[in-house]
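Listing of upload-v7.cif, mmCIF, C-alpha atoms
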```cif
data_input
#
loop_
_atom_site.label_atom_id
_atom_site.label_comp_id
_atom_site.auth_asym_id
_atom_site.auth_seq_id
_atom_site.Cartn_x
_atom_site.Cartn_y
_atom_site.Cartn_z
CA MET A 3 36.47 201.83 66.99
CA THR A 4 36.62 200.96 63.31
CA SER A 5 39.63 202.45 61.61
CA LYS A 6 39.46 204.54 58.47
CA SER A 7 41.42 201.93 56.55
CA ASP A 8 38.93 199.24 57.58
CA ASP A 9 36.08 201.41 56.35
CA ASN A 10 37.83 201.92 53.03
CA GLY A 11 38.46 198.19 52.77
CA ASP A 12 34.80 197.42 53.35
CA ASP A 13 33.84 199.99 50.74
CA GLY A 14 36.26 198.41 48.29
CA ARG A 15 34.83 194.95 48.88
CA ARG A 16 31.30 196.27 48.38
CA ARG A 17 32.30 197.99 45.16
CA GLU A 18 33.99 194.96 43.60
CA PRO A 19 30.77 192.93 43.03
CA GLU A 20 29.14 196.03 41.51
CA VAL A 21 32.06 196.52 39.13
CA GLU A 22 32.02 192.84 38.15
CA GLU A 23 28.26 192.88 37.67
CA ALA A 24 28.55 195.88 35.38
CA PHE A 25 31.38 194.18 33.48
CA ASN A 26 29.30 191.03 33.00
CA ARG A 27 26.38 193.11 31.75
CA LEU A 28 28.62 194.88 29.23
CA VAL A 29 30.10 191.62 27.94
CA SER A 30 26.68 190.01 27.53
CA GLU A 31 25.14 192.94 25.67
CA GLY A 32 28.31 193.57 23.68
CA SER A 33 28.32 189.98 22.43
CA ASN A 34 24.74 190.41 21.24
CA ARG A 35 25.62 193.60 19.38
CA LEU A 36 28.63 192.01 17.68
CA ASP A 37 26.51 189.06 16.52
CA ARG A 38 23.53 191.18 15.36
CA PRO A 39 22.42 190.39 11.78
CA LEU A 40 22.77 193.09 9.16
CA VAL A 41 19.11 194.07 8.76
CA PRO A 42 18.43 194.60 12.49
CA LEU A 43 21.76 196.44 12.74
CA LEU A 44 20.74 198.80 9.92
CA ALA A 45 17.29 199.34 11.42
CA THR A 46 18.67 200.05 14.89
CA GLY A 47 21.16 202.57 13.54
CA PHE A 48 18.62 204.25 11.25
CA VAL A 49 16.15 204.72 14.10
CA GLY A 50 19.01 206.03 16.25
CA GLY A 51 19.57 208.79 13.70
CA ILE A 52 15.87 209.59 13.72
CA ASP A 53 15.75 209.68 17.52
CA VAL A 54 18.66 212.09 17.81
CA GLY A 55 17.10 214.11 15.00
CA VAL A 56 14.03 214.61 17.18
CA GLY A 57 16.33 216.08 19.82
CA VAL A 58 17.85 218.34 17.16
CA LEU A 59 14.34 219.45 16.19
CA ALA A 60 13.58 220.40 19.81
CA TYR A 61 16.94 222.19 20.04
CA LEU A 62 16.28 224.22 16.89
CA VAL A 63 12.71 225.15 17.88
CA VAL A 64 13.72 226.46 21.30
CA TYR A 65 16.79 228.24 19.94
CA HIS A 66 14.70 229.89 17.21
CA GLU A 67 12.00 231.02 19.65
CA THR A 68 14.24 232.19 22.50
CA GLY A 69 17.71 232.79 21.11
CA GLN A 70 19.02 231.21 24.33
CA PRO A 71 21.56 228.42 23.74
CA LEU A 72 21.29 226.93 27.23
CA LEU A 73 17.49 226.72 27.05
CA ALA A 74 17.82 225.07 23.65
CA ALA A 75 20.39 222.62 25.06
CA ALA A 76 17.92 221.75 27.84
CA ALA A 77 15.38 220.74 25.16
CA PHE A 78 17.80 218.49 23.26
CA PRO A 79 17.88 215.54 25.75
CA ILE A 80 14.50 214.35 24.46
CA GLY A 81 16.52 212.78 21.67
CA PHE A 82 18.59 210.73 24.10
CA ILE A 83 15.51 209.79 26.09
CA ALA A 84 14.09 208.43 22.82
CA LEU A 85 17.35 206.52 22.21
CA LEU A 86 17.09 204.89 25.61
CA LEU A 87 13.41 204.01 25.59
CA ALA A 88 13.31 202.92 21.94
CA ARG A 89 16.52 200.89 22.37
CA SER A 90 18.12 202.38 19.29
CA GLU A 91 21.84 203.17 19.08
CA LEU A 92 24.37 205.77 18.07
CA PHE A 93 27.77 205.07 16.57
CA THR A 94 29.43 206.60 19.64
CA GLU A 95 27.44 204.37 22.01
CA ASN A 96 29.40 201.43 20.65
CA PHE A 97 32.74 202.48 22.12
CA LEU A 98 32.19 200.79 25.49
CA VAL A 99 29.81 197.84 25.24
CA PRO A 100 31.07 195.91 22.17
CA VAL A 101 34.69 196.91 22.78
CA THR A 102 34.49 195.41 26.27
CA ALA A 103 33.05 192.21 24.78
CA ARG A 104 35.81 192.07 22.13
CA ILE A 105 38.59 192.60 24.70
CA ALA A 106 36.97 189.81 26.73
CA GLY A 107 37.39 187.47 23.76
CA ARG A 108 33.89 187.63 22.29
CA GLY A 109 33.31 188.08 18.58
CA SER A 110 36.05 189.37 16.26
CA TRP A 111 37.68 192.66 15.34
CA LEU A 112 36.01 192.44 11.93
CA GLN A 113 32.61 192.24 13.62
CA LEU A 114 33.46 195.29 15.72
CA VAL A 115 34.49 197.36 12.69
CA ARG A 116 31.36 196.17 10.87
CA LEU A 117 29.23 197.30 13.82
CA TRP A 118 30.84 200.74 13.83
CA LEU A 119 30.65 201.36 10.09
CA VAL A 120 27.09 200.09 9.59
CA THR A 121 25.77 201.93 12.66
CA LEU A 122 27.46 205.19 11.64
CA ALA A 123 26.14 204.94 8.08
CA ALA A 124 22.62 204.12 9.28
CA ASN A 125 22.73 206.95 11.85
CA LEU A 126 23.68 209.39 9.11
CA VAL A 127 20.96 208.21 6.73
CA GLY A 128 18.35 208.48 9.48
CA GLY A 129 19.69 211.91 10.40
CA LEU A 130 19.61 213.01 6.76
CA VAL A 131 15.96 211.95 6.45
CA ILE A 132 14.80 213.91 9.50
CA ALA A 133 16.99 216.89 8.53
CA GLY A 134 15.19 216.96 5.17
CA LEU A 135 11.81 216.80 6.87
CA ILE A 136 12.73 219.69 9.18
CA ALA A 137 14.08 221.82 6.32
CA VAL A 138 10.94 221.35 4.21
CA ALA A 139 8.23 221.33 6.87
CA LEU A 140 9.68 224.08 9.10
CA PRO A 141 11.34 226.65 6.86
CA ASP A 142 11.59 229.14 9.72
CA LEU A 143 14.25 226.90 11.27
CA ARG A 144 16.51 226.91 8.21
CA SER A 145 18.51 229.99 9.14
CA VAL A 146 19.20 228.95 12.72
CA ALA A 147 20.16 225.44 11.53
CA ALA A 148 22.53 226.95 8.99
CA THR A 149 24.09 229.17 11.66
CA LEU A 150 24.57 226.33 14.15
CA GLY A 151 25.77 223.94 11.46
CA HIS A 152 28.29 226.53 10.25
CA HIS A 153 30.00 226.46 13.65
CA TYR A 154 30.80 222.75 13.34
CA ALA A 155 31.47 222.74 9.58
CA THR A 156 34.15 225.40 9.96
CA LEU A 157 35.94 224.14 13.06
CA GLY A 158 38.53 222.70 10.71
CA VAL A 159 41.38 220.33 11.47
CA SER A 160 43.08 221.66 14.57
CA TRP A 161 44.02 220.67 18.09
CA ARG A 162 41.02 222.58 19.42
CA SER A 163 38.50 220.78 17.20
CA LEU A 164 40.15 217.42 17.94
CA LEU A 165 39.92 218.02 21.69
CA LEU A 166 36.27 219.06 21.35
CA ALA A 167 35.68 215.71 19.63
CA VAL A 168 37.66 213.86 22.31
CA LEU A 169 35.50 215.47 24.98
CA ALA A 170 32.35 214.43 23.08
CA GLY A 171 33.60 210.84 22.97
CA ILE A 172 34.30 210.95 26.71
CA VAL A 173 30.85 212.34 27.51
CA ILE A 174 28.91 209.80 25.43
CA THR A 175 30.98 206.81 26.56
CA LEU A 176 30.63 207.89 30.18
CA LEU A 177 26.89 208.18 29.56
CA THR A 178 26.86 204.60 28.27
CA ARG A 179 28.81 203.42 31.31
CA MET A 180 26.45 205.20 33.70
CA GLN A 181 23.38 203.71 32.04
CA HIS A 182 24.82 200.19 32.25
CA ALA A 183 25.64 200.53 35.93
CA SER A 184 22.01 199.97 36.88
CA ASP A 185 18.92 198.14 35.67
CA ASP A 186 16.64 200.88 37.02
CA LEU A 187 15.11 203.23 34.45
CA GLY A 188 15.32 206.32 36.68
CA PRO A 189 19.14 206.55 36.90
CA LYS A 190 19.40 205.79 33.17
CA LEU A 191 17.11 208.71 32.35
CA VAL A 192 19.02 211.05 34.68
CA ALA A 193 22.30 210.09 32.99
CA GLY A 194 20.82 210.54 29.52
CA VAL A 195 19.43 213.99 30.28
CA ALA A 196 22.50 215.27 32.13
CA MET A 197 25.20 214.08 29.76
CA SER A 198 23.37 215.00 26.54
CA PHE A 199 22.83 218.49 27.96
CA VAL A 200 26.58 218.81 28.53
CA LEU A 201 27.23 217.59 24.98
CA VAL A 202 25.09 220.30 23.40
CA ALA A 203 25.56 223.15 25.89
CA ALA A 204 29.35 222.95 25.56
CA GLN A 205 29.09 222.64 21.75
CA LEU A 206 31.25 219.52 21.73
CA PHE A 207 32.18 217.98 18.38
CA HIS A 208 29.99 214.89 17.93
CA SER A 209 30.05 213.04 14.62
CA VAL A 210 26.32 212.21 14.34
CA LEU A 211 24.62 215.05 16.22
CA ASP A 212 26.60 217.77 14.45
CA SER A 213 26.09 216.06 11.10
CA ILE A 214 22.31 216.35 11.53
CA LEU A 215 22.64 220.07 12.27
CA MET A 216 24.84 220.51 9.20
CA PHE A 217 22.44 218.43 7.06
CA THR A 218 19.52 220.65 8.05
CA GLY A 219 21.42 223.79 7.08
CA LEU A 220 22.58 222.30 3.78
CA LEU A 221 19.16 220.96 2.77
CA GLY A 222 17.55 224.25 3.75
CA GLY A 223 19.68 226.01 1.13
CA GLN A 224 20.99 228.69 3.49
CA ALA A 225 24.31 227.16 4.52
CA ALA A 226 27.55 229.06 3.96
CA TYR A 227 29.44 225.74 4.01
CA THR A 228 29.55 222.73 1.67
CA TRP A 229 29.09 218.98 1.70
CA SER A 230 32.87 218.76 1.50
CA ASP A 231 33.11 220.74 4.74
CA TRP A 232 30.66 218.30 6.33
CA ALA A 233 32.70 215.27 5.18
CA GLN A 234 35.89 216.73 6.67
CA ALA A 235 34.08 217.54 9.92
CA LEU A 236 32.68 214.00 10.08
CA GLY A 237 36.07 212.34 9.64
CA TRP A 238 37.85 214.56 12.16
CA SER A 239 35.07 214.41 14.78
CA GLY A 240 34.78 210.63 14.38
CA LEU A 241 38.50 210.23 15.05
CA GLY A 242 38.34 212.38 18.15
CA ASN A 243 35.21 210.60 19.39
CA LEU A 244 37.06 207.26 19.11
CA VAL A 245 40.10 208.57 20.98
CA GLY A 246 38.00 210.01 23.80
CA GLY A 247 35.55 207.14 24.10
CA ILE A 248 37.94 204.22 23.87
CA GLY A 249 41.27 205.69 24.91
CA LEU A 250 40.11 207.74 27.91
CA VAL A 251 37.03 205.91 29.19
CA THR A 252 36.71 202.31 28.00
CA SER A 253 40.38 201.41 28.54
CA LEU A 254 40.33 202.76 32.08
CA ARG A 255 37.04 201.02 32.87
CA LEU A 256 38.57 197.71 31.79
CA LEU A 257 41.38 198.25 34.29
CA GLN A 258 38.77 198.14 37.07
CA ALA A 259 38.23 194.42 36.50
CA PRO A 260 41.41 193.00 34.88
CA HIS A 261 40.85 189.59 36.46
CA ARG A 262 37.42 189.31 34.81
CA VAL A 263 38.95 190.21 31.43
CA ALA A 264 41.54 187.47 31.89
CA GLU A 265 38.88 184.94 33.00
CA GLU A 266 36.64 185.72 30.01
CA ARG A 267 39.54 185.43 27.56
CA ALA A 268 40.59 182.14 29.08
CA GLU A 269 37.06 180.76 28.68
CA GLN A 270 36.97 181.77 25.01
CA SER A 271 40.40 180.29 24.17
#
```
Any chance you could put this one into structure tokens?
Amino acid sequence: MTSKSDDNGDDGRRREPEVEEAFNRLVSEGSNRLDRPLVPLLATGFVGGIDVGVGVLAYLVVYHETGQPLLAAAAFPIGFIALLLARSELFTENFLVPVTARIAGRGSWLQLVRLWLVTLAANLVGGLVIAGLIAVALPDLRSVAATLGHHYATLGVSWRSLLLAVLAGIVITLLTRMQHASDDLGPKLVAGVAMSFVLVAAQLFHSVLDSILMFTGLLGGQAAYTWSDWAQALGWSGLGNLVGGIGLVTSLRLLQAPHRVAEERAEQS
């Protein structure tokens, strides 16, 4: 009879190649992202803002028509489906892939910071464009956008708002990890739909998504908050997203394959 410990050992041996394969995939893609020229980087980030903005549009339409936040949250994942299929990127999607590549000795810290800053700026510009289109073309959505945006703009600087941002960073980075665990489209779509639903349904504090909601309210002229409130919310949510994504997901994922990290660093030295 096979003992329980033997079964666990076999499971561990089967899991190791899967973990290493996922690590290799992350390093390869992360290296490409770190080396991406400026114009493609801007374009990828800008389209990422547009894609998430489409999800925000769906969210606002369903919320306006039904008044049901969970139904509206179920409509939002179309934005993350667009991100996946169009191969665009969000700022928070770059907490796992390029960080893994950098820890493995690829690229430089300057390239990583450049990737973050350019992607975030491009996401916000793309989000601002689609927020303006929504505010002008669909005036009926202005009031609901202003109401939803007000929630995030007035969270303020507190432990609660920081932890909401940390949770958002965890959710998005876990989503990225799940999507890179397989080459099959089906599991990637399931992960995108499930995790983006959690992000919106729980009203987590996400730097780009919540900025688009706030933009729509501000450009619609019905917001009871200011651009200064948005800027504070962006800085605080971005910090929490980084802590959650890198500190509580990426760092622990790297501990699953420490020997591969050491091997990659040795090859690059």
(message) If the PyMOL selection byres ((chain A and resi 159) around 10) were run on this exact file, what residues would it hold? Put them as a PyMOL selection string.
(response) chain A and resi 156-158+160-164+234-235+237-239
Quick one: contact table of range 67-90 of chain A to range 124-135 of chain A, 12 Å max, nearest atom pair and distance in Å to one decimal per residue, counting all atoms listed in the file, chain and number order, as a Markdown table?
```
| residue | atom | partner | partner_atom | distance |
| --- | --- | --- | --- | --- |
| A:Gly81 | CA | A:Gly129 | CA | 11.7 |
| A:Leu85 | CA | A:Asn125 | CA | 11.7 |
| A:Ser90 | CA | A:Asn125 | CA | 9.9 |
```
(request) List, as a VMD selection string, every residue that the PyMOL selection byres ((chain A and resi 245) around 12) selects in the file provided. (result) chain A and resid 94 97 to 98 164 to 173 175 238 to 244 246 to 253
Grab the residues selected above and save them as a PDB file, in the frame of the given file with C-alpha atoms.
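What landed in again.pdb:
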```
ATOM      1  CA  THR A  94      29.430 206.600  19.640  1.00  0.00           C
ATOM      2  CA  PHE A  97      32.740 202.480  22.120  1.00  0.00           C
ATOM      3  CA  LEU A  98      32.190 200.790  25.490  1.00  0.00           C
ATOM      4  CA  LEU A 164      40.150 217.420  17.940  1.00  0.00           C
ATOM      5  CA  LEU A 165      39.920 218.020  21.690  1.00  0.00           C
ATOM      6  CA  LEU A 166      36.270 219.060  21.350  1.00  0.00           C
ATOM      7  CA  ALA A 167      35.680 215.710  19.630  1.00  0.00           C
ATOM      8  CA  VAL A 168      37.660 213.860  22.310  1.00  0.00           C
ATOM      9  CA  LEU A 169      35.500 215.470  24.980  1.00  0.00           C
ATOM     10  CA  ALA A 170      32.350 214.430  23.080  1.00  0.00           C
ATOM     11  CA  GLY A 171      33.600 210.840  22.970  1.00  0.00           C
ATOM     12  CA  ILE A 172      34.300 210.950  26.710  1.00  0.00           C
ATOM     13  CA  VAL A 173      30.850 212.340  27.510  1.00  0.00           C
ATOM     14  CA  THR A 175      30.980 206.810  26.560  1.00  0.00           C
ATOM     15  CA  TRP A 238      37.850 214.560  12.160  1.00  0.00           C
ATOM     16  CA  SER A 239      35.070 214.410  14.780  1.00  0.00           C
ATOM     17  CA  GLY A 240      34.780 210.630  14.380  1.00  0.00           C
ATOM     18  CA  LEU A 241      38.500 210.230  15.050  1.00  0.00           C
ATOM     19  CA  GLY A 242      38.340 212.380  18.150  1.00  0.00           C
ATOM     20  CA  ASN A 243      35.210 210.600  19.390  1.00  0.00           C
ATOM     21  CA  LEU A 244      37.060 207.260  19.110  1.00  0.00           C
ATOM     22  CA  GLY A 246      38.000 210.010  23.800  1.00  0.00           C
ATOM     23  CA  GLY A 247      35.550 207.140  24.100  1.00  0.00           C
ATOM     24  CA  ILE A 248      37.940 204.220  23.870  1.00  0.00           C
ATOM     25  CA  GLY A 249      41.270 205.690  24.910  1.00  0.00           C
ATOM     26  CA  LEU A 250      40.110 207.740  27.910  1.00  0.00           C
ATOM     27  CA  VAL A 251      37.030 205.910  29.190  1.00  0.00           C
ATOM     28  CA  THR A 252      36.710 202.310  28.000  1.00  0.00           C
ATOM     29  CA  SER A 253      40.380 201.410  28.540  1.00  0.00           C
TER      30      SER A 253
END
```
(message) Could you list, as an MDAnalysis selection string, every residue matched by the PyMOL selection byres ((chain A and resi 122) around 12) in this structure?
(response) chainID A and resid 43:51 91:96 115:121 123:129 208:211 213 236:237 240
(message) Counting all atoms listed in the file, which residue out of A:Met197, A:Leu215, A:Val64, A:Ala148 sits closest to Leu176 in chain A?
(response) A:Met197
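You will find CA of Ile52 in chain A at 24.3 Å from CA of Gln70 in chain A.
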(request) List every protein, DNA or RNA residue that has an atom no more than 12 Å from (19.5, 199.3, 31.9) in the file's coordinate frame, counting only C-alpha atoms, and report them as a PyMOL selection string. (result) chain A and resi 24+27-28+31+86-87+89+177-191+193-194
Write the residues of the preceding selection, restricted to C-alpha atoms, as a CSV table (one decimal), in the coordinates of the input.
```csv
chain,number,residue,atom,x,y,z
A,24,ALA,CA,28.6,195.9,35.4
A,27,ARG,CA,26.4,193.1,31.8
A,28,LEU,CA,28.6,194.9,29.2
A,31,GLU,CA,25.1,192.9,25.7
A,86,LEU,CA,17.1,204.9,25.6
A,87,LEU,CA,13.4,204.0,25.6
A,89,ARG,CA,16.5,200.9,22.4
A,177,LEU,CA,26.9,208.2,29.6
A,178,THR,CA,26.9,204.6,28.3
A,179,ARG,CA,28.8,203.4,31.3
A,180,MET,CA,26.4,205.2,33.7
A,181,GLN,CA,23.4,203.7,32.0
A,182,HIS,CA,24.8,200.2,32.2
A,183,ALA,CA,25.6,200.5,35.9
A,184,SER,CA,22.0,200.0,36.9
A,185,ASP,CA,18.9,198.1,35.7
A,186,ASP,CA,16.6,200.9,37.0
A,187,LEU,CA,15.1,203.2,34.4
A,188,GLY,CA,15.3,206.3,36.7
A,189,PRO,CA,19.1,206.6,36.9
A,190,LYS,CA,19.4,205.8,33.2
A,191,LEU,CA,17.1,208.7,32.4
A,193,ALA,CA,22.3,210.1,33.0
A,194,GLY,CA,20.8,210.5,29.5
```
(request) Considering only C-alpha atoms, return as number ranges by chain whatever protein or nucleic-acid residues lie within 12 Å of Ala106 in chain A, sequence-local ones (same chain, fewer than 6 positions apart) excluded. (result) A: 25-26, 28-30, 32-33, 99-100, 256, 259-271
Write the selection just made, keeping C-alpha atoms, as a tab-separated table (two decimals), in the coordinates of the input?
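Result file is out38.tsv:
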```tsv
chain	number	residue	atom	x	y	z
A	25	PHE	CA	31.38	194.18	33.48
A	26	ASN	CA	29.30	191.03	33.00
A	28	LEU	CA	28.62	194.88	29.23
A	29	VAL	CA	30.10	191.62	27.94
A	30	SER	CA	26.68	190.01	27.53
A	32	GLY	CA	28.31	193.57	23.68
A	33	SER	CA	28.32	189.98	22.43
A	99	VAL	CA	29.81	197.84	25.24
A	100	PRO	CA	31.07	195.91	22.17
A	256	LEU	CA	38.57	197.71	31.79
A	259	ALA	CA	38.23	194.42	36.50
A	260	PRO	CA	41.41	193.00	34.88
A	261	HIS	CA	40.85	189.59	36.46
A	262	ARG	CA	37.42	189.31	34.81
A	263	VAL	CA	38.95	190.21	31.43
A	264	ALA	CA	41.54	187.47	31.89
A	265	GLU	CA	38.88	184.94	33.00
A	266	GLU	CA	36.64	185.72	30.01
A	267	ARG	CA	39.54	185.43	27.56
A	268	ALA	CA	40.59	182.14	29.08
A	269	GLU	CA	37.06	180.76	28.68
A	270	GLN	CA	36.97	181.77	25.01
A	271	SER	CA	40.40	180.29	24.17
```
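Picture a line from CA of Thr149 in chain A to CA of Tyr65 in chain A; it runs 11.1 Å.
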(message) Would you compute the distance between CA of Gln113 in chain A and CA of Pro39 in chain A? Give it in Å to one decimal.
(response) 10.5 Å
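Residue nearest Phe78 in chain A, chosen from A:Leu40, A:Ser110, A:Val200, A:Ala155 and counting all atoms listed in the file: A:Val200.
Residue nearest Tyr154 in chain A, chosen from A:Tyr61, A:Trp229, A:Phe217, A:Phe207 and counting only C-alpha atoms: A:Phe207.
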